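Source file: target31.csv (CSV, C-alpha atoms)
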```csv
chain,number,residue,atom,x,y,z
A,1,MET,CA,119.4,70.3,115.6
A,2,ASN,CA,117.8,73.6,116.6
A,3,ARG,CA,114.2,74.1,115.9
A,4,LYS,CA,113.5,76.6,113.1
A,5,THR,CA,112.0,80.0,114.1
A,6,ARG,CA,108.4,80.1,112.9
A,7,VAL,CA,107.7,83.4,111.3
A,8,ALA,CA,104.1,84.5,110.4
A,9,VAL,CA,104.4,86.5,107.2
A,10,LEU,CA,101.3,88.8,107.5
A,11,TYR,CA,100.1,90.2,104.2
A,12,GLY,CA,97.0,91.8,102.6
A,13,GLY,CA,95.1,94.2,104.8
A,14,LYS,CA,92.1,96.4,104.6
A,15,SER,CA,93.7,99.4,102.8
A,16,GLY,CA,94.2,100.9,99.4
A,17,GLU,CA,97.7,99.4,99.4
A,18,HIS,CA,96.4,95.8,99.6
A,19,GLU,CA,97.9,94.8,96.3
A,20,VAL,CA,101.3,96.3,97.1
A,21,SER,CA,101.4,94.1,100.2
A,22,LEU,CA,100.8,91.0,98.1
A,23,LYS,CA,103.9,91.9,96.1
A,24,SER,CA,106.0,92.7,99.2
A,25,ALA,CA,105.1,89.5,100.9
A,26,ALA,CA,106.0,87.4,97.8
A,27,SER,CA,109.5,88.9,98.0
A,28,VAL,CA,109.8,88.2,101.7
A,29,LEU,CA,108.8,84.6,101.2
A,30,ARG,CA,111.2,84.2,98.4
A,31,TYR,CA,114.2,85.5,100.2
A,32,LEU,CA,113.6,84.3,103.8
A,33,ASP,CA,116.4,82.0,105.0
A,34,ARG,CA,114.8,78.6,105.1
A,35,ASP,CA,117.6,77.1,107.0
A,36,ARG,CA,116.7,79.3,110.0
A,37,PHE,CA,113.1,80.2,109.5
A,38,GLU,CA,109.8,78.4,108.8
A,39,PRO,CA,107.4,80.8,107.2
A,40,VAL,CA,103.7,80.7,108.0
A,41,PRO,CA,101.6,82.7,105.4
A,42,ILE,CA,98.8,84.6,107.1
A,43,SER,CA,96.6,87.1,105.3
A,44,ILE,CA,94.0,89.7,106.0
A,45,ASP,CA,91.6,90.0,103.1
A,46,LYS,CA,89.8,93.2,102.0
A,47,GLN,CA,86.9,92.3,104.3
A,48,GLY,CA,89.2,92.0,107.3
A,49,ARG,CA,89.1,88.2,107.6
A,50,TRP,CA,92.3,86.6,108.9
A,51,GLN,CA,93.3,83.3,107.3
A,52,CYS,CA,96.2,80.9,107.6
A,53,HIS,CA,97.4,79.3,104.4
A,54,ASP,CA,99.3,76.1,103.5
A,55,LEU,CA,102.8,77.2,102.5
A,56,ARG,CA,103.1,74.7,99.7
A,57,ARG,CA,99.9,75.9,98.2
A,58,ILE,CA,100.9,79.5,98.4
A,59,GLU,CA,104.3,78.9,96.9
A,60,ALA,CA,103.0,76.7,94.1
A,61,THR,CA,101.5,79.8,92.4
A,62,ASN,CA,105.1,81.1,91.9
A,63,GLY,CA,103.9,84.6,91.1
A,64,ASP,CA,104.9,88.1,92.0
A,65,SER,CA,101.9,88.5,94.3
A,66,LEU,CA,100.8,86.1,97.0
A,67,PRO,CA,97.3,84.8,96.6
A,68,ILE,CA,94.6,84.7,99.3
A,69,PRO,CA,92.8,81.4,98.9
A,70,ALA,CA,89.2,81.9,100.1
A,71,ASP,CA,88.8,78.4,101.5
A,72,SER,CA,91.8,78.6,103.9
A,73,PRO,CA,90.8,78.5,107.6
A,74,MET,CA,90.0,81.7,109.4
A,75,ILE,CA,92.2,82.2,112.5
A,76,ARG,CA,92.8,84.4,115.5
A,77,PHE,CA,95.9,85.1,117.6
A,78,GLU,CA,96.3,84.4,121.3
A,79,ALA,CA,99.2,84.7,123.7
A,80,GLN,CA,100.8,81.4,124.6
A,81,GLY,CA,103.9,81.8,126.8
A,82,ALA,CA,106.8,83.1,124.8
A,83,GLN,CA,105.0,82.3,121.5
A,84,THR,CA,101.8,83.3,119.8
A,85,ALA,CA,99.1,80.7,119.2
A,86,ILE,CA,97.2,80.6,116.0
A,87,LEU,CA,93.8,79.3,116.7
A,88,PRO,CA,90.9,78.5,114.4
A,89,ALA,CA,88.3,81.2,114.6
A,90,ASP,CA,85.5,78.8,115.0
A,91,ASN,CA,87.3,76.3,117.3
A,92,THR,CA,86.4,73.4,115.1
A,93,ALA,CA,89.4,73.1,112.9
A,94,PRO,CA,92.7,71.7,114.3
A,95,ALA,CA,95.0,74.2,116.0
A,96,ILE,CA,98.0,75.4,114.1
A,97,ALA,CA,101.5,75.3,115.6
A,98,PRO,CA,102.3,78.6,117.4
A,99,VAL,CA,104.7,81.2,115.8
A,100,ASP,CA,107.7,82.9,117.3
A,101,VAL,CA,107.6,86.1,115.3
A,102,VAL,CA,105.1,88.0,113.2
A,103,PHE,CA,106.5,89.8,110.1
A,104,PRO,CA,103.9,92.3,109.0
A,105,VAL,CA,104.3,93.0,105.3
A,106,ILE,CA,101.3,95.3,105.2
A,107,HIS,CA,100.9,98.9,104.2
A,108,GLY,CA,98.5,101.7,104.7
A,109,PRO,CA,95.6,102.4,107.2
A,110,LEU,CA,94.6,99.6,109.6
A,111,CYS,CA,98.0,98.0,108.7
A,112,GLU,CA,100.9,100.1,109.6
A,113,ASP,CA,99.1,102.8,111.6
A,114,GLY,CA,99.2,101.0,115.0
A,115,ALA,CA,95.9,99.1,114.7
A,116,VAL,CA,97.5,95.7,113.8
A,117,GLN,CA,100.4,96.5,116.1
A,118,GLY,CA,98.0,96.9,119.0
A,119,LEU,CA,96.4,93.6,118.2
A,120,LEU,CA,99.8,91.9,118.1
A,121,GLU,CA,100.7,93.5,121.5
A,122,LEU,CA,97.5,92.0,123.0
A,123,ALA,CA,98.5,88.6,121.5
A,124,GLY,CA,101.9,88.8,123.2
A,125,ALA,CA,103.6,88.6,119.8
A,126,ALA,CA,107.1,89.5,118.8
A,127,TYR,CA,106.7,91.5,115.6
A,128,VAL,CA,108.9,93.3,113.1
A,129,GLY,CA,108.8,97.0,113.0
A,130,SER,CA,107.7,99.9,115.2
A,131,GLY,CA,105.3,99.7,118.1
A,132,VAL,CA,101.8,101.2,118.4
A,133,LEU,CA,102.9,104.8,119.1
A,134,ALA,CA,105.5,105.2,116.3
A,135,SER,CA,103.3,103.3,113.8
A,136,ALA,CA,100.4,105.7,114.5
A,137,VAL,CA,102.6,108.8,114.4
A,138,GLY,CA,104.5,107.7,111.3
A,139,MET,CA,101.3,107.1,109.4
A,140,HIS,CA,99.8,110.5,110.4
A,141,LYS,CA,101.7,112.9,108.2
A,142,ASP,CA,100.6,116.0,110.1
A,143,ILE,CA,101.6,114.7,113.6
A,144,ALA,CA,104.8,113.3,112.2
A,145,LYS,CA,105.8,116.7,110.8
A,146,ARG,CA,104.8,118.5,114.0
A,147,LEU,CA,107.0,116.1,116.1
A,148,ALA,CA,109.8,116.3,113.6
A,149,ALA,CA,109.8,120.1,113.7
A,150,LEU,CA,109.8,120.0,117.5
A,151,ALA,CA,112.9,117.8,117.4
A,152,GLY,CA,114.6,120.4,115.2
A,153,LEU,CA,114.2,118.8,111.8
A,154,PRO,CA,113.4,121.2,108.9
A,155,VAL,CA,109.9,121.0,107.6
A,156,ALA,CA,108.5,122.7,104.5
A,157,PRO,CA,105.3,124.9,104.8
A,158,TYR,CA,102.0,123.1,104.7
A,159,LEU,CA,98.4,123.3,105.8
A,160,ALA,CA,96.3,120.5,107.4
A,161,LEU,CA,92.7,120.5,106.5
A,162,SER,CA,89.9,118.3,108.0
A,163,ARG,CA,87.0,117.1,105.8
A,164,ARG,CA,84.5,118.6,108.2
A,165,ASP,CA,86.1,122.0,108.0
A,166,TYR,CA,86.4,121.8,104.3
A,167,ARG,CA,82.7,120.9,103.9
A,168,ARG,CA,81.7,123.7,106.2
A,169,ASP,CA,83.6,126.3,104.3
A,170,PRO,CA,85.3,125.1,101.1
A,171,GLU,CA,85.9,128.6,99.7
A,172,GLY,CA,87.5,129.8,103.0
A,173,SER,CA,89.7,126.7,103.1
A,174,ILE,CA,90.9,127.3,99.5
A,175,GLU,CA,91.5,130.9,100.3
A,176,ALA,CA,93.6,130.0,103.4
A,177,ALA,CA,95.8,127.8,101.2
A,178,ARG,CA,96.2,130.6,98.6
A,179,GLU,CA,97.2,133.0,101.4
A,180,ALA,CA,99.7,130.7,103.0
A,181,LEU,CA,101.2,128.8,100.0
A,182,THR,CA,102.3,129.4,96.4
A,183,LEU,CA,101.7,127.2,93.4
A,184,PRO,CA,102.3,124.5,92.8
A,185,VAL,CA,101.0,122.6,95.8
A,186,PHE,CA,100.7,118.9,96.6
A,187,VAL,CA,97.5,117.5,98.1
A,188,LYS,CA,97.9,114.3,100.2
A,189,PRO,CA,95.6,112.2,102.4
A,190,CYS,CA,97.1,112.5,105.9
A,191,ASN,CA,97.1,108.7,106.6
A,192,MET,CA,97.9,107.1,103.3
A,193,GLY,CA,101.1,105.9,101.7
A,194,SER,CA,102.4,104.7,98.3
A,195,SER,CA,101.2,108.1,96.8
A,196,VAL,CA,97.6,107.0,96.9
A,197,GLY,CA,95.3,110.0,96.4
A,198,VAL,CA,98.2,112.4,95.9
A,199,HIS,CA,97.8,115.3,93.4
A,200,LYS,CA,100.1,118.0,92.1
A,201,VAL,CA,98.0,121.2,91.7
A,202,LYS,CA,99.3,123.9,89.3
A,203,ARG,CA,96.1,126.1,89.2
A,204,TRP,CA,94.1,127.2,92.2
A,205,GLU,CA,90.9,126.3,90.3
A,206,ASP,CA,92.0,122.6,90.4
A,207,LEU,CA,92.4,122.5,94.1
A,208,ASP,CA,88.8,121.7,94.8
A,209,ALA,CA,88.9,118.5,92.6
A,210,ALA,CA,92.2,117.4,94.2
A,211,LEU,CA,90.8,117.8,97.7
A,212,THR,CA,87.6,116.0,96.9
A,213,ASP,CA,89.6,113.0,95.6
A,214,ALA,CA,92.0,113.1,98.6
A,215,PHE,CA,89.1,113.2,101.0
A,216,LEU,CA,87.9,109.9,99.6
A,217,TYR,CA,90.9,108.3,101.3
A,218,ASP,CA,91.0,110.2,104.6
A,219,ILE,CA,89.2,112.7,106.8
A,220,LYS,CA,92.3,114.9,107.0
A,221,VAL,CA,94.4,116.1,104.1
A,222,LEU,CA,97.6,118.0,103.8
A,223,ILE,CA,98.2,120.8,101.3
A,224,GLU,CA,102.0,121.1,101.0
A,225,GLN,CA,104.1,123.8,99.5
A,226,GLY,CA,105.6,122.6,96.2
A,227,ILE,CA,109.3,122.9,96.1
A,228,ASP,CA,111.7,122.8,93.2
A,229,ALA,CA,113.3,119.9,94.9
A,230,ARG,CA,115.1,116.6,94.5
A,231,GLU,CA,113.5,113.6,96.3
A,232,ILE,CA,116.0,111.9,98.6
A,233,GLU,CA,115.3,108.7,100.6
A,234,VAL,CA,117.2,107.0,103.4
A,235,ALA,CA,116.7,103.6,104.9
A,236,VAL,CA,117.2,103.3,108.7
A,237,LEU,CA,117.8,100.0,110.5
A,238,ASP,CA,117.4,99.8,114.2
A,239,GLY,CA,120.4,99.1,116.4
A,240,ASP,CA,122.5,100.6,119.2
A,241,PRO,CA,122.7,103.1,117.7
A,242,PRO,CA,120.4,103.0,114.6
A,243,VAL,CA,122.2,103.0,111.3
A,244,ALA,CA,121.3,104.9,108.1
A,245,SER,CA,121.9,103.6,104.6
A,246,VAL,CA,123.4,105.6,101.8
A,247,ALA,CA,120.7,107.9,100.4
A,248,SER,CA,119.0,107.3,97.1
A,249,GLU,CA,117.4,109.8,94.7
A,250,LEU,CA,114.1,109.3,92.9
A,251,ASN,CA,113.6,110.9,89.5
A,252,ALA,CA,110.0,110.5,88.1
A,253,GLY,CA,109.9,109.3,84.5
A,254,PRO,CA,108.9,111.6,81.7
A,255,GLN,CA,105.3,110.2,81.8
A,256,HIS,CA,104.9,111.2,85.5
A,257,GLU,CA,104.6,114.6,87.2
A,258,PHE,CA,105.9,113.1,90.4
A,259,TYR,CA,106.6,109.8,92.0
A,260,SER,CA,103.0,108.5,91.9
A,261,TYR,CA,101.5,105.2,92.7
A,262,GLU,CA,101.7,104.2,89.0
A,263,ALA,CA,105.4,105.2,88.9
A,264,LYS,CA,106.1,103.2,92.0
A,265,TYR,CA,104.3,99.9,91.4
A,266,ILE,CA,102.9,99.7,87.9
A,267,ASP,CA,105.1,101.4,85.3
A,268,GLN,CA,108.5,99.7,85.2
A,269,ASP,CA,109.8,102.9,83.5
A,270,GLY,CA,108.0,105.2,85.9
A,271,ALA,CA,111.1,106.4,87.7
A,272,THR,CA,114.8,106.3,87.6
A,273,VAL,CA,116.9,105.9,90.7
A,274,ASP,CA,120.3,107.2,91.6
A,275,LEU,CA,121.7,104.9,94.2
A,276,PRO,CA,123.7,106.3,95.8
A,277,ALA,CA,122.2,109.7,95.3
A,278,LYS,CA,124.5,112.3,93.6
A,279,LEU,CA,125.3,114.2,96.8
A,280,ASP,CA,128.5,115.6,98.0
A,281,ALA,CA,130.0,114.1,101.1
A,282,GLY,CA,128.6,116.8,103.4
A,283,GLN,CA,125.1,116.5,102.0
A,284,MET,CA,125.2,112.7,102.3
A,285,ALA,CA,126.4,112.8,105.9
A,286,ARG,CA,123.7,115.4,106.8
A,287,VAL,CA,120.7,113.6,105.3
A,288,ARG,CA,121.8,110.3,106.9
A,289,GLN,CA,122.0,112.0,110.2
A,290,LEU,CA,118.6,113.7,109.7
A,291,ALA,CA,117.1,110.3,108.9
A,292,ILE,CA,118.4,108.8,112.2
A,293,ASP,CA,117.2,111.9,114.0
A,294,ALA,CA,113.7,111.4,112.6
A,295,PHE,CA,113.8,107.7,113.5
A,296,VAL,CA,114.7,108.5,117.1
A,297,ALA,CA,112.4,111.5,117.5
A,298,LEU,CA,109.3,109.5,116.4
A,299,GLU,CA,110.2,106.6,118.7
A,300,CYS,CA,110.6,104.1,115.8
A,301,SER,CA,112.0,100.6,116.1
A,302,GLY,CA,113.0,97.9,113.6
A,303,LEU,CA,113.1,99.8,110.3
A,304,ALA,CA,111.8,102.9,108.6
A,305,ARG,CA,112.3,104.7,105.3
A,306,VAL,CA,112.7,108.5,105.7
A,307,ASP,CA,111.9,110.7,102.8
A,308,PHE,CA,113.3,114.2,102.3
A,309,PHE,CA,113.2,117.1,99.8
A,310,LEU,CA,116.4,118.7,98.8
A,311,ASP,CA,115.7,122.3,97.6
A,312,ARG,CA,117.5,122.8,94.4
A,313,GLN,CA,117.9,126.6,95.0
A,314,SER,CA,118.9,126.8,98.7
A,315,GLY,CA,120.4,123.3,99.1
A,316,ALA,CA,118.3,122.8,102.3
A,317,PHE,CA,116.9,119.4,103.2
A,318,TYR,CA,113.2,119.2,104.4
A,319,PHE,CA,111.7,116.2,106.2
A,320,ASN,CA,108.8,115.0,104.1
A,321,GLU,CA,107.5,111.8,105.8
A,322,ILE,CA,108.5,108.5,107.4
A,323,ASN,CA,107.3,105.1,106.4
A,324,THR,CA,107.5,102.5,109.3
A,325,LEU,CA,106.7,99.5,107.1
A,326,PRO,CA,108.1,100.4,103.7
A,327,GLY,CA,107.5,98.4,100.6
A,328,PHE,CA,109.5,95.2,100.2
A,329,THR,CA,108.8,94.5,96.5
A,330,ALA,CA,111.5,93.7,94.1
A,331,ILE,CA,111.7,97.3,93.1
A,332,SER,CA,111.2,98.8,96.6
A,333,MET,CA,113.8,101.3,97.7
A,334,TYR,CA,114.3,100.2,101.3
A,335,PRO,CA,115.9,96.8,100.6
A,336,LYS,CA,117.7,98.3,97.6
A,337,MET,CA,119.3,101.0,99.8
A,338,MET,CA,120.2,98.5,102.5
A,339,LYS,CA,121.8,96.2,99.9
A,340,ALA,CA,123.8,99.2,98.5
A,341,SER,CA,125.0,99.8,102.1
A,342,GLY,CA,126.3,96.2,102.5
A,343,LEU,CA,123.2,94.3,103.8
A,344,PRO,CA,121.6,92.1,101.1
A,345,TYR,CA,118.0,91.2,101.2
A,346,PRO,CA,118.1,87.8,102.9
A,347,ALA,CA,120.5,89.1,105.6
A,348,LEU,CA,118.2,92.1,106.1
A,349,LEU,CA,115.2,89.9,106.7
A,350,THR,CA,117.1,87.9,109.2
A,351,ARG,CA,118.3,91.0,111.0
A,352,LEU,CA,114.7,92.4,111.2
A,353,ILE,CA,113.5,89.2,112.7
A,354,GLU,CA,116.3,89.2,115.2
A,355,LEU,CA,115.5,92.8,116.2
A,356,ALA,CA,111.9,91.9,116.7
A,357,GLN,CA,112.9,89.1,119.1
A,358,GLU,CA,115.3,91.3,120.9
A,359,ARG,CA,112.8,94.0,121.4
A,360,HIS,CA,110.1,91.6,122.5
A,361,ALA,CA,112.5,89.9,125.1
A,362,GLU,CA,113.5,93.3,126.5
A,363,ARG,CA,109.9,94.4,126.9
A,364,ALA,CA,108.9,91.1,128.4
A,365,GLY,CA,111.5,91.7,131.1
A,366,LEU,CA,109.8,94.9,132.3
A,367,LYS,CA,107.9,94.8,135.6
A,368,THR,CA,104.1,94.6,135.2
A,369,ASP,CA,103.1,93.8,138.8
A,370,TYR,CA,102.7,97.2,140.5
A,371,ALA,CA,101.5,95.9,143.8
A,372,GLY,CA,103.8,96.7,146.7
```
Target encoding structure tokens, full file:
Amino acid sequence: MNRKTRVAVLYGGKSGEHEVSLKSAASVLRYLDRDRFEPVPISIDKQGRWQCHDLRRIEATNGDSLPIPADSPMIRFEAQGAQTAILPADNTAPAIAPVDVVFPVIHGPLCEDGAVQGLLELAGAAYVGSGVLASAVGMHKDIAKRLAALAGLPVAPYLALSRRDYRRDPEGSIEAAREALTLPVFVKPCNMGSSVGVHKVKRWEDLDAALTDAFLYDIKVLIEQGIDAREIEVAVLDGDPPVASVASELNAGPQHEFYSYEAKYIDQDGATVDLPAKLDAGQMARVRQLAIDAFVALECSGLARVDFFLDRQSGAFYFNEINTLPGFTAISMYPKMMKASGLPYPALLTRLIELAQERHAERAGLKTDYAG
């Protein structure tokens, strides 16, 4: 009988999306094929401590969010041949069996922005999702938009503003926005996800408060042109070539101005979803191709959710952002779109793990000895 593949399910993280990760990881554990995979729960708490947990203890809670027991042993990763060793941080507790693949189910800064991916590279780990470069670029909304535009994707008008420049000249910064954009505008932290710190501004006198709040989450903020638009999302799964799901459309509920954090994760009636989106055949084909173009242009691998605006007046699509580790909760759109495209949740998890192993094996075959 073949040995099961040991998969470290990495959850938590030091970001504002910590709680979202706990929900995503609970779904991953629930649907992972136990005939093929042996999950190993590993968390990063809000203080940045890495801990390995007993699977039976974690699953005994049977909740929608995974717990992080404070008394579980702290651990570190280390390369060990084709596997990744999980070693006690203090070298006193017994070693834990090595894992074959790491499945990061973490969101936000220091999680999906290349920081953890760099650590996993140093540990020689096979891991699900994009590498350091694409993770960092995808998380940085300004750089992602710049590269997408260079690749020929349509991008709506916006301004990028640093906290330093804003503090130096707040009035000048607001005036620059007034000259370049028209109301309404959206204010977004540059390196956050899940709509954390996002504000819709309908009056210029409210821009200062929106920027002040957004700068609590990041040192760079985007002021984006508001568009009378439909919100269209596409899931992309890596392959040769990558494939795009059918698109979905998000419609914020009557209690929400836009698809906010509360609408996504707290209010069950926070949004309605059309899946597939109500697009004609030409629009559906175009947005699916644009999603693949963005995936390739930003050097992504594994998976990504690509978000677009569809201008109600002109019918034009605009690239909004890309999420290289999209949510995997029960109501998250990435798994829903893949299921609607013929790949149910358990098979999706299996394919993502296979892609991680394939990518790791390919990279391991590259020459690293430059002598002679």
For Glu205 in chain A, please output as a ChimeraX atom specification all residues within 12 Å (counting all atoms listed in the file; exclusion window: fewer than 2 positions along the same chain).
/A:171,174-175,178,183-184,201-203,207-211
If I take CA of Pro170 in chain A and CA of Val187 in chain A, how far is one from the other in Å, to one decimal?
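Atom-to-atom, CA of Pro170 in chain A to CA of Val187 in chain A, that is 14.7 Å.
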Any idea what's packed within 10 Å of Asp71 in chain A, counting only C-alpha atoms, ignoring anything in its chain fewer than 6 positions away? Could you give it as an MDAnalysis selection string?
chainID A and resid 51:53
Any chance you can output those residues with C-alpha atoms as a PDB file, in the frame of the given file?
```pdb
ATOM      1  CA  GLN A  51      93.300  83.300 107.300  1.00  0.00           C
ATOM      2  CA  CYS A  52      96.200  80.900 107.600  1.00  0.00           C
ATOM      3  CA  HIS A  53      97.400  79.300 104.400  1.00  0.00           C
TER       4      HIS A  53
END
```
Nearest candidate to Ala125 in chain A (options A:Ser65, A:Ser27, A:Thr212, A:Gln83; using only C-alpha atoms):
A:Gln83
Return as a Markdown table the residues of range 163-277 of chain A lying at most 8 Å from range 330-340 of chain A, together with the closest atom-to-atom pair for each and the distance in Å to one decimal, counting only C-alpha atoms, with rows in chain order and ascending residue number.
```
| residue | atom | partner | partner_atom | distance |
| --- | --- | --- | --- | --- |
| A:Val234 | CA | A:Met337 | CA | 7.3 |
| A:Ala235 | CA | A:Tyr334 | CA | 5.5 |
| A:Ser245 | CA | A:Met338 | CA | 5.8 |
| A:Val246 | CA | A:Met337 | CA | 6.5 |
| A:Ala247 | CA | A:Met337 | CA | 7.1 |
| A:Ser248 | CA | A:Met337 | CA | 6.9 |
| A:Leu275 | CA | A:Met337 | CA | 7.2 |
| A:Pro276 | CA | A:Ala340 | CA | 7.6 |
```
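Minimum atom-to-atom distance to Lys188 in chain A, evaluated using only C-alpha atoms, belongs to A:Asn320 out of A:Ser15, A:Thr329, A:Thr272, A:Asn320.
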Given only C-alpha atoms as the counted atoms, nearest of A:Ile223, A:Met74, A:Leu10, A:Val101 to Arg359 in chain A:
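The closest residue to Arg359 in chain A is A:Val101.
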Between A:Leu237, A:Thr350, A:Phe328, A:Ala89, smallest distance to Lys23 in chain A by only C-alpha atoms belongs to A:Phe328
